[in-house]
Amino acid sequence: MKALAVFSGGLDSMLASLIIRAQGIDVLALFFETPFFNSRRAIKSAETINLPIKVIDITEPYIKLLKNPRYGYGSHMNPCIDCHAFMIRKAGEMLEKEDASFIITGEVLGQRPMSQNKKALSIVSRESGFDGLILRPLSARLLPETIPEKRGWVDRSRLYGLSGRSRKPQMRLADEFNIKEYPSPAGGCLLTEEVFSRRLKDLFKHDIMPSVKKIELLKVGRHFRLPSGCKIVVGRNKAENRVIESLKETGDMIIKTPTVPGPSVLLSGKHTPQDIELACSIAVSYSDAEDGIPIQVRISNEQGDKIISAIGKSKDKFRPFMI
């Protein structure tokens with residue numbers, strides 16, 4: 001007998017996997033990766049409990065879901081109900097290929113009031129298309145019996161009835177399973193973060209199907225949207241400068257101040273000469289150049305490099321454009 005675990009890498013998914021494995025059932029962890037949540041934490045957690053894991057990239061279909069989730073968003077751009085149903089559906093589609101019989105998740109009843117109440121969990125099961133084959137070991141005894149329980153594949157009496165937002169029961173279980181290291185519950189999904197979500201909404205407004213590079217850019221720098229619709233991204237340190245330059249696409253410009261330390265500034269989208277002038281002024285304003293003194297600015301694109309002179313301005317002048 002084998003189960004597929006929709007695995008986030010958090011303590012709940014670790015425990016769910018161990019509870020089922022303790023009943024002599026093989027468990028394969030599945031992590032569905034996008035630019036909004038990466039697999040590093042999940043891989044580390046799986047290694048901690050000696051759990052095999054597969055990472056599956058779902059970026060393209062996930063972006064389509066994200067733009068129009070049937071059940072809406074959480075506090076920011078997180079479409080939690082649609083997201084859970086989508087991932088469980090993907091896991092269900094892999095059951096036959098992986099010679100597995102059912103799906104497990106680390107969901108806990110009531111832990112997230114909007115997306116893990118009984119109604120939401122029922123919606124997720126139904127929308128996934130695999131209702132009945134989805135077992136939630138941490139809260140199973142508070143939920144309707146599933147096919148694995150009815151058919152005796154799993155002993156329901158050895159499952160749990162956890163509910164609510166307290167982490168203490170899971171921490172006690174972690175001790176029982178001798179889990180010494182696990183990640184904190186916070187973080188993991190960028191779609192729950194206010195600033196990233198605001199930037200993503202802006203990107204969707206101006207780009208029907210943005211590239212992965214454009215999404216990756218949302219994670220770094222200061223972002224400005226000019227009235228013409230073009231966009232400027234300004235690095236805040238050397239590491240961000242490197243990332244910004246690595247994410248340049250055809251048609252983009254990189255603007256730098258070669259004579260003084262300063263940011264890498266990326267200008268993308270259809271732009272006017274005035275937009276280039278403003279981008280150069282922004283580059284100088286966020287550099288170490290002295291106020292009011294013209295300095296050299298290098299503009300680089302596919303046609304080569306161009307050197308012009310630009311003067312910085314008060315950063316307050318740019319704030320109306322900041323995303």
# chains A, B, ... in the order shown; residues from 1 in each chain; ligands from 1
call {"tool": "residues_around", "arguments": {"residues": "segment 177-192 of chain A", "least_positions_apart": "2", "cutoff": "8 Å", "atoms": "only C-alpha atoms", "output": "PyMOL selection string"}}
result
chain A and resi 9-11+18+36-38+41+45+48-49+74-78+173-175+194+196-197
call {"tool": "select_by_dssp", "arguments": {"residues": "segment 58-178 of chain A", "states": "strand (DSSP E or B)", "output": "ChimeraX atom specification"}}
result
/A:102-105,109,134-135,163
call {"tool": "residues_around", "arguments": {"residues": "Val284 of chain A", "least_positions_apart": "5", "cutoff": "10 Å", "atoms": "only C-alpha atoms", "output": "list in words"}}
result
Ile255, Lys256, Thr257, Val260, Pro261, Gly262, Pro263, Val265, Leu278, Ala279, Ala289, Glu290, Asp291, Gly292, Ile293, Pro294, Ile295, Gln296, Val297, Ser309, Ala310, Ile311, Gly312 and Lys313 of chain A
call {"tool": "atom_distance", "arguments": {"atom1": "atom CA of Thr272 of chain A", "atom2": "atom CA of Ala239 of chain A"}}
result
29.0 Å
call {"tool": "closest_residue", "arguments": {"among": "A:Ser287, A:Ser281, A:Ser139, A:Thr105", "to": "Lys317 of chain A", "atoms": "only C-alpha atoms"}}
result
A:Ser281
call {"tool": "closest_residue", "arguments": {"among": "A:Glu145, A:Glu93, A:Asp99, A:Asp12", "to": "Asp26 of chain A", "atoms": "only C-alpha atoms"}}
result
A:Asp99
call {"tool": "closest_residue", "arguments": {"among": "A:Leu135, A:Leu159, A:Met171, A:Ile282", "to": "Ile104 of chain A", "atoms": "only C-alpha atoms"}}
result
A:Leu135
call {"tool": "residues_around", "arguments": {"residues": "Gly161 of chain A", "least_positions_apart": "6", "cutoff": "10 Å", "atoms": "only C-alpha atoms", "output": "VMD selection string"}}
result
chain A and resid 108 to 109 136 to 143
call {"tool": "select_by_dssp", "arguments": {"residues": "segment 76-282 of chain A", "states": "alpha helix (DSSP H)", "output": "VMD selection string"}}
result
chain A and resid 80 to 93 118 to 128 147 to 150 168 to 176 194 to 206 212 to 217 238 to 246 273 to 282
call {"tool": "residues_around", "arguments": {"residues": "Ile299 of chain A", "least_positions_apart": "3", "cutoff": "9 Å", "atoms": "only C-alpha atoms", "output": "list in words"}}
result
Met253, Ile254, Ile255, Lys256, Ile276, Cys280, Gly304, Asp305, Lys306, Ile307 and Ile308 of chain A
